[in-house]
Amino acid sequence: MTRILGIDLGTKHLGLALGDPITGIAVPLDVVEIEGTDPVKVIWGMVQQDGYDHIVIGEARTADGESTPMSERAEAFAKSVEQVTGVSVTLVNEHLTSKVSDMLAEEAGKGVHDDALAAMLIVQEFLNER
């Protein structure tokens with residue numbers, strides 16, 4: 001596994017990050033507007049262009065680990081992404097990543113989008129658990 005794509009699935013945007021399992025470091029990549037588009041097709045295009053070996057998607061569960069409407073949406077999205085791209089997908093509980101990414105974005109200042117930071121935190125959690 002050499003290239004990991006991290007995804008923070010929102011209703012209007014996909015936050016994207018890149019993870020490197022060799023260094024164990026994740027970095028924010030981009031934010032893509034998905035309103036009016038098929039987010040699975042967006043990811044398919046990225047996989048074709050950049051050749052990711054694994055995809056990590058944030059799953060918004062409660063603090064107790066129970067599912068939410070957004071976690072159910074993430075599960076369906078993950079299944080579709082895996083079927084369409086043929087790339088293995090892992091769901092990671094993203095509980096509190098939005099709050100932490102908001103704080104990081106505030107500290108970093110302009111030019112850093114909190115959705116990409118949330119995706120970075122999701123990938124970093126995945127890398128830390130390996």
# chains A, B, ... in the order shown; residues from 1 in each chain; ligands from 1

call {"tool": "closest_atom_pairs", "arguments": {"of": "stretch 34-107 of chain A", "to": "stretch 121-130 of chain A", "cutoff": "7 Å", "atoms": "only C-alpha atoms", "output": "tab-separated table"}}
result
residue	atom	partner	partner_atom	distance
A:Val56	CA	A:Val123	CA	6.3
A:Gly58	CA	A:Ile122	CA	5.9
A:Val92	CA	A:Ile122	CA	6.6
A:Glu94	CA	A:Ile122	CA	6.2
A:Thr97	CA	A:Leu121	CA	6.4

call {"tool": "closest_atom_pairs", "arguments": {"of": "stretch 68-96 of chain A", "to": "stretch 32-49 of chain A", "cutoff": "10 Å", "atoms": "only C-alpha atoms", "output": "Markdown table"}}
result
| residue | atom | partner | partner_atom | distance |
| --- | --- | --- | --- | --- |
| A:Phe77 | CA | A:Val40 | CA | 7.2 |
| A:Ala78 | CA | A:Val40 | CA | 8.8 |
| A:Lys79 | CA | A:Val40 | CA | 9.9 |
| A:Ser80 | CA | A:Val40 | CA | 6.9 |
| A:Val81 | CA | A:Val40 | CA | 5.6 |
| A:Glu82 | CA | A:Val40 | CA | 9.3 |
| A:Gln83 | CA | A:Val40 | CA | 9.8 |
| A:Val84 | CA | A:Trp44 | CA | 6.9 |
| A:Thr85 | CA | A:Trp44 | CA | 5.6 |
| A:Gly86 | CA | A:Trp44 | CA | 9.4 |
| A:Val87 | CA | A:Val47 | CA | 8.3 |

call {"tool": "closest_residue", "arguments": {"among": "A:Tyr52, A:Leu16, A:Leu5, A:Ile22", "to": "A:Asp114", "atoms": "only C-alpha atoms"}}
result
A:Leu16

call {"tool": "atom_distance", "arguments": {"atom1": "atom CA of A:Pro69", "atom2": "atom CA of A:Val27"}}
result
27.5 Å

call {"tool": "atom_distance", "arguments": {"atom1": "atom CA of A:Asp115", "atom2": "atom CA of A:Arg61"}}
result
17.1 Å

call {"tool": "atom_distance", "arguments": {"atom1": "atom CA of A:Asp50", "atom2": "atom CA of A:Leu18"}}
result
10.8 Å

call {"tool": "select_by_dssp", "arguments": {"residues": "stretch 21-67 of chain A", "states": "alpha helix (DSSP H)", "output": "PyMOL selection string"}}
result
chain A and resi 39-50

call {"tool": "closest_residue", "arguments": {"among": "A:Pro21, A:Pro28, A:Gly65, A:Gly51", "to": "A:Thr2", "atoms": "only C-alpha atoms"}}
result
A:Pro21

call {"tool": "closest_residue", "arguments": {"among": "A:Ile25, A:Ala63, A:Leu117, A:Leu9", "to": "A:Leu91", "atoms": "only C-alpha atoms"}}
result
A:Leu9

call {"tool": "closest_residue", "arguments": {"among": "A:Glu59, A:Met120, A:Ser88, A:Thr23", "to": "A:Gly6", "atoms": "only C-alpha atoms"}}
result
A:Met120

call {"tool": "residues_around", "arguments": {"residues": "A:Asp30", "least_positions_apart": "4", "cutoff": "7 Å", "atoms": "only C-alpha atoms", "output": "PyMOL selection string"}}
result
chain A and resi 15-17+116

call {"tool": "select_by_dssp", "arguments": {"residues": "chain A", "states": "strand (DSSP E)", "output": "PyMOL selection string"}}
result
chain A and resi 4-9+13-20+25-33+54-59+88-93

call {"tool": "write_last_selection", "arguments": {"atoms": "N, CA, C and O atoms", "output": "compact mmCIF listing (two decimals), in the first residue's frame"}}
result
# COMPACT_ATOMS: atom_id res chain seq x y z
N ILE A 4 -2.67 6.42 -0.20
CA ILE A 4 -3.96 6.33 0.46
C ILE A 4 -4.71 7.64 0.25
O ILE A 4 -4.17 8.72 0.51
N LEU A 5 -5.93 7.55 -0.22
CA LEU A 5 -6.80 8.72 -0.39
C LEU A 5 -7.76 8.75 0.78
O LEU A 5 -8.47 7.77 1.04
N GLY A 6 -7.79 9.85 1.49
CA GLY A 6 -8.73 10.05 2.59
C GLY A 6 -9.86 10.95 2.15
O GLY A 6 -9.63 11.94 1.43
N ILE A 7 -11.07 10.62 2.60
CA ILE A 7 -12.24 11.38 2.18
C ILE A 7 -13.09 11.75 3.39
O ILE A 7 -13.47 10.89 4.18
N ASP A 8 -13.40 13.04 3.49
CA ASP A 8 -14.39 13.53 4.44
C ASP A 8 -15.62 13.84 3.60
O ASP A 8 -15.64 14.82 2.84
N LEU A 9 -16.63 12.99 3.70
CA LEU A 9 -17.84 13.11 2.89
C LEU A 9 -18.80 14.10 3.52
O LEU A 9 -19.26 13.91 4.64
N HIS A 13 -19.44 19.13 -0.15
CA HIS A 13 -18.03 19.02 -0.51
C HIS A 13 -17.47 17.66 -0.13
O HIS A 13 -17.97 17.01 0.78
N LEU A 14 -16.41 17.29 -0.82
CA LEU A 14 -15.56 16.18 -0.40
C LEU A 14 -14.25 16.80 0.06
O LEU A 14 -13.58 17.50 -0.71
N GLY A 15 -13.90 16.56 1.31
CA GLY A 15 -12.57 16.93 1.77
C GLY A 15 -11.64 15.78 1.43
O GLY A 15 -11.98 14.62 1.66
N LEU A 16 -10.48 16.08 0.88
CA LEU A 16 -9.56 15.05 0.42
C LEU A 16 -8.19 15.21 1.06
O LEU A 16 -7.73 16.33 1.28
N ALA A 17 -7.57 14.08 1.35
CA ALA A 17 -6.23 14.08 1.93
C ALA A 17 -5.44 12.91 1.37
O ALA A 17 -6.01 11.94 0.87
N LEU A 18 -4.15 13.00 1.49
CA LEU A 18 -3.24 11.97 1.02
C LEU A 18 -2.51 11.40 2.22
O LEU A 18 -2.01 12.14 3.07
N GLY A 19 -2.45 10.08 2.29
CA GLY A 19 -1.73 9.42 3.36
C GLY A 19 -0.60 8.58 2.81
O GLY A 19 -0.73 7.95 1.76
N ASP A 20 0.52 8.59 3.51
CA ASP A 20 1.69 7.81 3.12
C ASP A 20 1.98 6.79 4.21
O ASP A 20 2.43 7.16 5.30
N ILE A 25 2.41 9.63 7.63
CA ILE A 25 1.96 11.02 7.65
C ILE A 25 0.84 11.23 6.65
O ILE A 25 0.87 10.73 5.53
N ALA A 26 -0.16 12.02 7.08
CA ALA A 26 -1.26 12.43 6.20
C ALA A 26 -1.19 13.93 6.00
O ALA A 26 -0.82 14.67 6.92
N VAL A 27 -1.54 14.39 4.80
CA VAL A 27 -1.55 15.81 4.49
C VAL A 27 -2.85 16.16 3.76
O VAL A 27 -3.39 15.34 3.02
N PRO A 28 -3.37 17.38 3.99
CA PRO A 28 -4.58 17.80 3.26
C PRO A 28 -4.26 17.91 1.78
O PRO A 28 -3.15 18.28 1.39
N LEU A 29 -5.23 17.56 0.95
CA LEU A 29 -5.02 17.56 -0.49
C LEU A 29 -5.87 18.60 -1.20
O LEU A 29 -5.36 19.49 -1.87
N ASP A 30 -7.19 18.52 -1.03
CA ASP A 30 -8.08 19.39 -1.81
C ASP A 30 -9.49 19.31 -1.24
O ASP A 30 -9.79 18.44 -0.42
N VAL A 31 -10.33 20.20 -1.70
CA VAL A 31 -11.77 20.16 -1.42
C VAL A 31 -12.48 20.24 -2.76
O VAL A 31 -12.17 21.11 -3.57
N VAL A 32 -13.40 19.31 -2.99
CA VAL A 32 -14.11 19.25 -4.25
C VAL A 32 -15.60 19.48 -4.00
O VAL A 32 -16.20 18.83 -3.14
N GLU A 33 -16.17 20.39 -4.76
CA GLU A 33 -17.61 20.65 -4.70
C GLU A 33 -18.33 19.46 -5.34
O GLU A 33 -17.96 19.03 -6.44
N HIS A 54 -5.53 2.51 -1.71
CA HIS A 54 -6.49 2.31 -0.63
C HIS A 54 -7.24 3.62 -0.41
O HIS A 54 -6.68 4.70 -0.62
N ILE A 55 -8.49 3.52 0.00
CA ILE A 55 -9.31 4.70 0.27
C ILE A 55 -9.85 4.58 1.68
O ILE A 55 -10.32 3.52 2.08
N VAL A 56 -9.75 5.68 2.42
CA VAL A 56 -10.26 5.75 3.79
C VAL A 56 -11.34 6.82 3.83
O VAL A 56 -11.10 7.96 3.42
N ILE A 57 -12.52 6.44 4.29
CA ILE A 57 -13.66 7.36 4.33
C ILE A 57 -14.11 7.54 5.77
O ILE A 57 -14.27 6.56 6.50
N GLY A 58 -14.33 8.78 6.15
CA GLY A 58 -14.81 9.09 7.48
C GLY A 58 -16.27 8.70 7.65
O GLY A 58 -17.08 8.91 6.75
N GLU A 59 -16.55 8.13 8.79
CA GLU A 59 -17.91 7.67 9.10
C GLU A 59 -18.33 8.35 10.40
O GLU A 59 -17.75 8.11 11.46
N SER A 88 -9.75 -1.07 -2.39
CA SER A 88 -10.20 -1.40 -1.05
C SER A 88 -10.52 -0.12 -0.27
O SER A 88 -9.77 0.85 -0.32
N VAL A 89 -11.65 -0.15 0.46
CA VAL A 89 -12.10 1.01 1.23
C VAL A 89 -12.24 0.63 2.70
O VAL A 89 -12.75 -0.44 3.03
N THR A 90 -11.77 1.52 3.56
CA THR A 90 -11.92 1.36 5.01
C THR A 90 -12.69 2.55 5.55
O THR A 90 -12.40 3.69 5.18
N LEU A 91 -13.66 2.27 6.41
CA LEU A 91 -14.39 3.34 7.11
C LEU A 91 -13.72 3.59 8.45
O LEU A 91 -13.36 2.65 9.16
N VAL A 92 -13.54 4.86 8.80
CA VAL A 92 -12.93 5.26 10.06
C VAL A 92 -13.89 6.20 10.78
O VAL A 92 -14.40 7.14 10.17
N ASN A 93 -14.14 5.93 12.05
CA ASN A 93 -15.02 6.80 12.82
C ASN A 93 -14.40 8.19 12.89
O ASN A 93 -13.29 8.36 13.38
